[in-house]
>>> print(open('target37.txt').read())   # compact mmCIF, C-alpha atoms
# COMPACT_ATOMS: atom_id res chain seq x y z
CA MET A 87 -9.87 6.86 10.55
CA ASN A 88 -10.34 8.33 13.97
CA GLU A 89 -9.21 11.80 15.01
CA GLU A 90 -5.89 10.56 16.36
CA GLN A 91 -5.05 8.58 13.21
CA ARG A 92 -5.87 11.53 10.97
CA TYR A 93 -3.64 13.80 13.03
CA LEU A 94 -0.72 11.36 13.01
CA PHE A 95 -0.90 10.74 9.28
CA ASP A 96 -1.20 14.44 8.49
CA THR A 97 1.75 15.27 10.75
CA PHE A 98 4.12 12.37 10.06
CA GLY A 99 3.07 10.94 6.68
CA TYR A 100 2.64 7.40 7.99
CA LEU A 101 0.46 5.38 10.33
CA VAL A 102 0.84 2.00 12.04
CA VAL A 103 -2.46 0.11 12.09
CA PRO A 104 -2.30 -2.86 14.49
CA GLY A 105 -3.96 -6.21 13.86
CA VAL A 106 -4.99 -5.72 10.25
CA LEU A 107 -4.22 -9.39 9.53
CA SER A 108 -5.17 -12.32 11.75
CA VAL A 109 -2.65 -14.87 13.02
CA ALA A 110 -4.05 -17.39 10.52
CA GLN A 111 -3.64 -14.94 7.64
CA VAL A 112 -0.03 -14.22 8.60
CA GLU A 113 0.70 -17.95 8.76
CA GLU A 114 -0.87 -18.44 5.33
CA LEU A 115 1.27 -15.65 3.89
CA ARG A 116 4.42 -17.22 5.31
CA ALA A 117 3.47 -20.67 4.02
CA THR A 118 2.50 -19.60 0.49
CA LEU A 119 5.12 -16.94 -0.27
CA LYS A 120 6.87 -18.38 -3.33
CA GLN A 121 9.40 -15.82 -4.52
CA PRO A 122 10.42 -12.18 -4.24
CA THR A 123 8.74 -9.81 -6.67
CA GLU A 124 9.54 -6.31 -7.89
CA GLN A 125 7.57 -3.80 -9.91
CA PHE A 126 10.34 -3.11 -12.41
CA HIS A 127 9.80 -6.24 -14.54
CA SER A 128 6.71 -7.08 -16.56
CA ALA A 129 4.39 -9.12 -14.37
CA ASP A 130 3.24 -12.49 -15.67
CA GLN A 131 -0.38 -12.50 -14.58
CA LYS A 132 -0.24 -16.27 -14.10
CA VAL A 133 2.49 -16.27 -11.43
CA ILE A 134 1.99 -13.04 -9.49
CA PRO A 135 1.22 -13.22 -5.72
CA LEU A 136 -2.53 -12.86 -6.21
CA HIS A 137 -2.51 -16.45 -7.51
CA TRP A 138 -0.54 -17.92 -4.60
CA SER A 139 -3.48 -18.38 -2.22
CA ARG A 140 -6.68 -16.72 -1.03
CA VAL A 141 -5.05 -14.48 1.58
CA TRP A 142 -3.15 -12.58 -1.11
CA ARG A 143 -6.47 -11.74 -2.78
CA ASP A 144 -8.19 -10.96 0.51
CA MET A 145 -5.56 -8.27 1.08
CA LEU A 146 -7.10 -6.31 -1.78
CA ASP A 147 -10.01 -5.35 0.48
CA LEU A 148 -9.31 -5.84 4.19
CA PRO A 149 -12.17 -4.64 6.44
CA THR A 150 -9.88 -2.67 8.74
CA LEU A 151 -7.73 -1.23 5.97
CA SER A 152 -10.06 -0.33 3.10
CA PRO A 153 -11.87 2.49 4.97
CA ILE A 154 -8.47 4.05 5.70
CA LEU A 155 -7.43 3.78 2.05
CA GLU A 156 -10.70 5.41 1.02
CA GLN A 157 -9.98 8.41 3.22
CA LEU A 158 -6.37 8.70 2.04
CA ILE A 159 -6.54 8.04 -1.72
CA GLY A 160 -10.20 7.52 -2.56
CA ASN A 161 -12.35 9.69 -4.79
CA HIS A 162 -14.29 11.47 -2.06
CA GLY A 163 -17.07 12.77 -4.29
CA ARG A 164 -17.64 9.42 -5.99
CA ARG A 165 -17.58 7.56 -2.66
CA LYS A 166 -20.18 9.89 -1.16
CA ALA A 167 -22.38 9.42 -4.24
CA TYR A 168 -22.09 5.62 -3.85
CA GLU A 169 -23.01 5.91 -0.18
CA LYS A 170 -26.01 8.15 -0.93
CA ARG A 171 -27.33 5.69 -3.53
CA ALA A 172 -26.79 2.77 -1.13
CA ARG A 173 -28.86 4.53 1.55
CA GLU A 174 -31.68 4.97 -0.96
CA ASP A 175 -31.40 1.49 -2.49
CA PRO A 176 -30.13 -1.45 -0.37
CA ASP A 177 -29.20 -3.33 -3.58
CA VAL A 178 -26.56 -0.74 -4.50
CA GLN A 179 -23.07 -1.82 -3.48
CA VAL A 180 -20.49 0.74 -2.37
CA LEU A 181 -17.40 -0.07 -4.45
CA PRO A 182 -13.82 1.01 -3.70
CA THR A 183 -12.59 4.19 -5.38
CA PHE A 184 -8.88 3.31 -5.17
CA ARG A 185 -6.87 0.73 -7.14
CA LEU A 186 -3.98 -1.67 -6.60
CA ASP A 187 -0.91 -0.29 -8.35
CA HIS A 188 1.62 -3.11 -7.76
CA ILE A 189 2.87 -5.65 -5.22
CA ASN A 190 6.42 -6.05 -3.91
CA VAL A 191 7.63 -9.03 -1.88
CA HIS A 192 11.04 -8.67 -0.23
CA THR A 193 12.96 -11.68 1.06
CA HIS A 194 16.55 -10.58 0.43
CA ILE A 195 17.38 -8.83 3.71
CA GLY A 196 19.16 -10.79 6.43
CA LYS A 197 21.45 -10.17 9.37
CA GLY A 198 24.34 -7.99 8.34
CA PHE A 199 22.37 -5.94 5.80
CA LYS A 200 23.97 -2.54 6.17
CA GLY A 201 20.98 -0.41 5.21
CA GLY A 202 19.24 0.78 2.08
CA ILE A 203 18.86 4.10 0.31
CA LEU A 204 16.40 6.71 1.54
CA HIS A 205 13.99 7.40 -1.29
CA GLY A 206 10.51 8.65 -2.02
CA GLY A 207 9.27 12.19 -1.84
CA SER A 208 7.16 14.18 -4.26
CA LEU A 209 9.90 16.06 -6.11
CA GLY A 210 10.72 14.78 -9.60
CA THR A 211 8.06 12.06 -9.65
CA GLY A 212 5.91 13.45 -12.44
CA GLY A 213 2.92 13.87 -10.17
CA CYS A 214 2.24 10.27 -9.12
CA GLN A 215 3.62 10.78 -5.58
CA PHE A 216 2.11 13.64 -3.63
CA PHE A 217 0.35 14.64 -0.42
CA ARG A 218 -2.29 17.31 0.03
CA TYR A 219 -4.98 18.14 2.60
CA HIS A 220 -7.86 20.40 1.57
CA ASP A 221 -11.33 21.13 2.97
CA GLY A 222 -11.10 18.33 5.51
CA GLU A 223 -10.02 15.64 3.02
CA PHE A 224 -6.73 13.86 2.30
CA TYR A 225 -5.37 13.60 -1.24
CA ASN A 226 -2.42 11.31 -1.90
CA GLY A 227 -0.72 9.74 -4.87
CA LEU A 228 0.95 6.34 -4.57
CA LEU A 229 0.32 4.91 -1.10
CA ALA A 230 2.16 1.93 0.40
CA VAL A 231 0.92 -0.65 2.88
CA THR A 232 3.72 -2.67 4.47
CA PHE A 233 3.05 -6.03 6.11
CA GLU A 234 5.95 -7.46 8.12
CA LEU A 235 5.80 -11.26 8.42
CA HIS A 236 8.16 -11.27 11.42
CA ASP A 237 8.64 -8.87 14.32
CA SER A 238 10.57 -5.76 13.36
CA HIS A 239 11.95 -4.03 16.44
CA ALA A 240 12.93 -0.39 16.49
CA ASN A 241 16.62 -1.19 16.92
CA GLY A 242 16.58 -4.42 14.90
CA GLY A 243 15.93 -2.93 11.48
CA GLY A 244 13.03 -2.69 9.07
CA PHE A 245 11.10 0.36 7.98
CA GLY A 246 12.49 3.82 8.66
CA CYS A 247 11.45 7.27 7.51
CA ILE A 248 11.92 10.98 8.04
CA PRO A 249 8.58 12.05 9.54
CA GLY A 250 7.03 15.11 7.96
CA THR A 251 9.00 14.99 4.70
CA HIS A 252 5.79 14.32 2.77
CA LYS A 253 5.36 18.09 3.02
CA ALA A 254 8.98 18.97 2.17
CA ASN A 255 9.74 21.64 -0.42
CA LEU A 256 13.44 20.79 -0.74
CA ALA A 257 15.23 17.62 -1.87
CA LEU A 258 16.94 15.42 0.74
CA PRO A 259 20.68 16.22 0.83
CA GLN A 260 22.61 13.48 -0.95
CA ARG A 261 24.97 12.72 1.92
CA TRP A 262 22.06 11.53 4.10
CA ARG A 263 20.57 9.09 1.59
CA ASP A 264 22.75 5.99 2.10
CA LEU A 265 21.79 4.35 5.40
CA SER A 266 24.70 1.90 5.13
CA ARG A 267 26.97 4.83 5.98
CA GLY A 268 25.07 5.51 9.18
CA VAL A 269 21.51 6.26 10.23
CA PRO A 270 20.99 9.96 10.97
CA ASP A 271 19.33 10.74 14.29
CA PHE A 272 16.29 12.25 12.57
CA VAL A 273 15.39 8.96 10.83
CA GLN A 274 12.48 7.37 12.71
CA ARG A 275 12.69 3.62 13.33
CA VAL A 276 9.17 2.20 12.97
CA ALA A 277 8.47 -1.11 14.71
CA ALA A 278 5.72 -3.50 13.63
CA ARG A 279 4.49 -6.93 14.62
CA PRO A 280 3.14 -9.62 12.28
CA GLY A 281 -0.39 -8.61 11.34
CA ASP A 282 0.26 -4.88 11.67
CA ALA A 283 0.19 -2.59 8.65
CA ILE A 284 2.45 0.41 8.14
CA VAL A 285 0.55 2.79 5.86
CA PHE A 286 2.59 5.59 4.33
CA THR A 287 2.46 8.00 1.44
CA GLU A 288 5.27 7.57 -1.08
CA ALA A 289 5.69 11.34 -0.81
CA LEU A 290 7.41 10.50 2.51
CA ILE A 291 11.19 9.94 2.50
CA HIS A 292 11.70 6.35 3.67
CA GLY A 293 13.98 3.34 3.40
CA THR A 294 15.23 0.09 4.96
CA LEU A 295 17.26 0.25 8.15
CA PRO A 296 20.30 -1.96 8.88
CA TRP A 297 19.06 -5.46 9.78
CA GLN A 298 20.43 -6.64 13.14
CA VAL A 299 18.47 -9.83 13.93
CA ASP A 300 18.81 -13.46 12.86
CA ASP A 301 15.46 -13.80 11.06
CA ILE A 302 15.30 -13.01 7.36
CA ARG A 303 13.18 -9.94 6.77
CA ARG A 304 10.15 -11.05 4.81
CA THR A 305 7.97 -8.09 3.92
CA VAL A 306 4.96 -7.69 1.66
CA PHE A 307 4.14 -4.31 0.12
CA TYR A 308 0.77 -3.59 -1.44
CA LYS A 309 1.00 -0.26 -3.26
CA PHE A 310 -2.27 1.53 -4.03
CA SER A 311 -3.03 4.54 -6.23
CA PRO A 312 -6.00 6.83 -6.85
CA HIS A 313 -8.22 5.21 -9.47
CA ALA A 314 -7.14 7.54 -12.28
CA SER A 315 -3.35 7.38 -11.82
CA SER A 316 -0.54 4.85 -11.86
CA TRP A 317 3.08 4.53 -10.82
CA SER A 318 3.60 1.14 -12.47
CA GLY A 319 3.46 0.56 -16.21
CA ASN A 320 2.02 -2.92 -15.62
CA TYR A 321 -1.72 -3.13 -15.02
CA PHE A 322 -3.73 -5.97 -13.53
CA ASN A 323 -6.41 -7.70 -15.59
CA PRO A 324 -9.39 -8.39 -13.30
CA ASP A 325 -10.62 -11.18 -15.58
CA GLU A 326 -7.50 -13.23 -14.75
CA PHE A 327 -8.91 -13.63 -11.22
CA ARG A 328 -12.63 -13.92 -11.94
CA HIS A 329 -12.63 -17.72 -11.56
CA TYR A 330 -11.61 -17.69 -7.90
CA PRO A 331 -14.66 -18.27 -5.65
CA ASP A 332 -13.30 -15.80 -3.07
CA MET A 333 -13.35 -12.91 -5.54
CA ASP A 334 -16.16 -10.37 -5.36
CA ASP A 335 -17.09 -7.14 -7.11
CA ARG A 336 -15.14 -5.01 -4.64
CA LYS A 337 -11.90 -6.92 -5.22
CA MET A 338 -12.45 -6.86 -8.98
CA THR A 339 -12.87 -3.08 -8.82
CA VAL A 340 -9.54 -2.68 -6.97
CA LEU A 341 -7.83 -4.51 -9.88
CA GLU A 342 -9.28 -2.30 -12.63
CA PRO A 343 -6.62 -0.43 -14.67
CA PRO A 344 -6.29 3.35 -14.16
CA ASN A 345 -8.99 5.56 -15.67
CA ALA A 346 -11.54 8.17 -14.66
CA ARG A 347 -14.18 5.50 -13.87
CA TYR A 348 -16.67 7.03 -16.31
CA PRO A 349 -19.89 5.15 -17.20
CA GLY A 350 -19.62 2.67 -20.08
CA ARG A 351 -15.82 2.40 -19.99
CA PRO A 352 -14.39 -0.76 -21.61
CA THR A 353 -12.21 -1.60 -18.60
CA GLN A 354 -15.05 -1.87 -16.08
CA PRO A 355 -15.18 -5.44 -14.71
CA LYS A 356 -18.45 -7.22 -15.39
CA PRO A 357 -20.25 -7.81 -12.06
CA LEU A 358 -19.67 -11.24 -10.58
CA SER A 359 -23.16 -11.11 -9.13
CA ALA A 360 -24.78 -10.70 -12.55
>>> encode(input="target37.txt", output="structure tokens")
Amino acid sequence: MNEEQRYLFDTFGYLVVPGVLSVAQVEELRATLKQPTEQFHSADQKVIPLHWSRVWRDMLDLPTLSPILEQLIGNHGRRKAYEKRAREDPDVQVLPTFRLDHINVHTHIGKGFKGGILHGGSLGTGGCQFFRYHDGEFYNGLLAVTFELHDSHANGGGFGCIPGTHKANLALPQRWRDLSRGVPDFVQRVAARPGDAIVFTEALIHGTLPWQVDDIRRTVFYKFSPHASSWSGNYFNPDEFRHYPDMDDRKMTVLEPPNARYPGRPTQPKPLSA
């Protein structure tokens, strides 16, 4: 993250990163999207999006995005230790220190959608959604990456939030939550083009704006957590994806269930390179 990105995320709680996906990757997502998914039901490992095509697995570790995730939810001490070892030994691979929590795919929003419910925030979440900045480092709980598969214009609908609420000490007043009753002036409309990523902490109050355009809103959410925590009660099994030739040790690490990443743990994926 550059200085400007760090400032914007610290101040607003979200960041738009342009061009994270290529045109070809966006087209592959559109062509292979099979069904909507939610995190509230037990995931059948055999039918989840990571099996739909390669691009869904590539999104576990995108070159433009992963360094940002490391700075926002990574284990800073462990990452620096990896980097030090890699400088001393070229054979040491620097592995991600964050994990994929769950994936949502939304296809249910079309013209006439009146607006969703503002949600998120750190209050009452049991500690899995938070934001903190200390000694020059970011610390976040659950972090969302939103990929719009069609243009979302500021006045057409899509993602909206209340900037700065990731630092709020008070709960959002109830009468402002339902966007179908009107969008308050302080709700920021965030536009994105296909290939862009909206990165935001779930400690930020956010929701879906009224949808005003003819296209169906098709949106993919990859939700990431620090390696030792989880929002979802469903965990990925890295071995279910080991057979794909596009998988590598970094992607396998992102799929490891939550734990402290201590040496000799039973959940550590066996290296593909071994």
>>> residues_around(input="target37.txt", residues="stretch 154-171 of chain A", least_positions_apart="2", cutoff="7 Å", atoms="only C-alpha atoms", output="number ranges by chain")
A: 87, 151-152, 173-175, 178, 180, 183-184, 224-227, 311-312
>>> residues_near_point(input="target37.txt", point="(12.5, 15.2, 2.2)", cutoff="10 Å", atoms="all atoms listed in the file", output="PDB file with C-alpha atoms, keeping the file's coordinate frame")
ATOM      1  CA  LEU A 204      16.400   6.710   1.540  1.00  0.00           C
ATOM      2  CA  HIS A 205      13.990   7.400  -1.290  1.00  0.00           C
ATOM      3  CA  GLY A 206      10.510   8.650  -2.020  1.00  0.00           C
ATOM      4  CA  GLY A 207       9.270  12.190  -1.840  1.00  0.00           C
ATOM      5  CA  SER A 208       7.160  14.180  -4.260  1.00  0.00           C
ATOM      6  CA  LEU A 209       9.900  16.060  -6.110  1.00  0.00           C
ATOM      7  CA  CYS A 247      11.450   7.270   7.510  1.00  0.00           C
ATOM      8  CA  ILE A 248      11.920  10.980   8.040  1.00  0.00           C
ATOM      9  CA  PRO A 249       8.580  12.050   9.540  1.00  0.00           C
ATOM     10  CA  GLY A 250       7.030  15.110   7.960  1.00  0.00           C
ATOM     11  CA  THR A 251       9.000  14.990   4.700  1.00  0.00           C
ATOM     12  CA  HIS A 252       5.790  14.320   2.770  1.00  0.00           C
ATOM     13  CA  LYS A 253       5.360  18.090   3.020  1.00  0.00           C
ATOM     14  CA  ALA A 254       8.980  18.970   2.170  1.00  0.00           C
ATOM     15  CA  ASN A 255       9.740  21.640  -0.420  1.00  0.00           C
ATOM     16  CA  LEU A 256      13.440  20.790  -0.740  1.00  0.00           C
ATOM     17  CA  ALA A 257      15.230  17.620  -1.870  1.00  0.00           C
ATOM     18  CA  LEU A 258      16.940  15.420   0.740  1.00  0.00           C
ATOM     19  CA  PRO A 259      20.680  16.220   0.830  1.00  0.00           C
ATOM     20  CA  ALA A 289       5.690  11.340  -0.810  1.00  0.00           C
ATOM     21  CA  LEU A 290       7.410  10.500   2.510  1.00  0.00           C
ATOM     22  CA  ILE A 291      11.190   9.940   2.500  1.00  0.00           C
ATOM     23  CA  HIS A 292      11.700   6.350   3.670  1.00  0.00           C
TER      24      HIS A 292
END
>>> residues_around(input="target37.txt", residues="A:Thr339", least_positions_apart="3", cutoff="7 Å", atoms="only C-alpha atoms", output="list in words")
Leu181, Pro182, Asp335, Arg336, Glu342 and Pro355 of chain A
>>> write_last_selection(input="target37.txt", atoms="C-alpha atoms", output="PDB file, in the frame of the given file")
ATOM      1  CA  LEU A 181     -17.400  -0.070  -4.450  1.00  0.00           C
ATOM      2  CA  PRO A 182     -13.820   1.010  -3.700  1.00  0.00           C
ATOM      3  CA  ASP A 335     -17.090  -7.140  -7.110  1.00  0.00           C
ATOM      4  CA  ARG A 336     -15.140  -5.010  -4.640  1.00  0.00           C
ATOM      5  CA  GLU A 342      -9.280  -2.300 -12.630  1.00  0.00           C
ATOM      6  CA  PRO A 355     -15.180  -5.440 -14.710  1.00  0.00           C
TER       7      PRO A 355
END
>>> residues_around(input="target37.txt", residues="A:Val102", least_positions_apart="4", cutoff="7 Å", atoms="only C-alpha atoms", output="PyMOL selection string")
chain A and resi 282-285
>>> closest_residue(input="target37.txt", among="A:Asp332, A:Asn88, A:Ala278, A:Phe217", to="A:His137", atoms="all atoms listed in the file")
A:Asp332
>>> atom_distance(input="target37.txt", atom1="atom CA of A:Leu136", atom2="atom CA of A:Phe307")
12.6 Å
>>> closest_residue(input="target37.txt", among="A:Gln121, A:Arg328, A:Gly222, A:Asp300", to="A:Arg92", atoms="all atoms listed in the file")
A:Gly222
>>> residues_around(input="target37.txt", residues="stretch 192-196 of chain A", least_positions_apart="4", cutoff="9 Å", atoms="all atoms listed in the file", output="ChimeraX atom specification")
/A:121-124,297-307
>>> closest_residue(input="target37.txt", among="A:Arg351, A:Arg263, A:Lys356, A:His313", to="A:Cys214", atoms="only C-alpha atoms")
A:His313
>>> atom_distance(input="target37.txt", atom1="atom CA of A:Pro153", atom2="atom CA of A:Pro135")
23.1 Å
>>> closest_residue(input="target37.txt", among="A:Leu148, A:Asp96, A:Lys337, A:Pro324", to="A:Arg218", atoms="all atoms listed in the file")
A:Asp96
>>> closest_residue(input="target37.txt", among="A:Arg279, A:Thr97, A:Pro343, A:Pro296", to="A:Ser238", atoms="only C-alpha atoms")
A:Arg279
>>> atom_distance(input="target37.txt", atom1="atom CA of A:Ala277", atom2="atom CA of A:Gly244")
7.4 Å
>>> closest_residue(input="target37.txt", among="A:Phe245, A:Phe199, A:Trp142, A:Trp317", to="A:Phe216", atoms="all atoms listed in the file")
A:Trp317
>>> residues_around(input="target37.txt", residues="A:Trp138", least_positions_apart="4", cutoff="9 Å", atoms="only C-alpha atoms", output="mmCIF file with C-alpha atoms, keeping the file's coordinate frame")
data_model
loop_
_atom_site.group_PDB
_atom_site.id
_atom_site.type_symbol
_atom_site.label_atom_id
_atom_site.label_comp_id
_atom_site.auth_asym_id
_atom_site.auth_seq_id
_atom_site.Cartn_x
_atom_site.Cartn_y
_atom_site.Cartn_z
ATOM 1 C CA LEU A 115 1.270 -15.650 3.890
ATOM 2 C CA THR A 118 2.500 -19.600 0.490
ATOM 3 C CA LEU A 119 5.120 -16.940 -0.270
ATOM 4 C CA LYS A 120 6.870 -18.380 -3.330
ATOM 5 C CA VAL A 133 2.490 -16.270 -11.430
ATOM 6 C CA ILE A 134 1.990 -13.040 -9.490
ATOM 7 C CA TRP A 142 -3.150 -12.580 -1.110
ATOM 8 C CA ARG A 143 -6.470 -11.740 -2.780
#
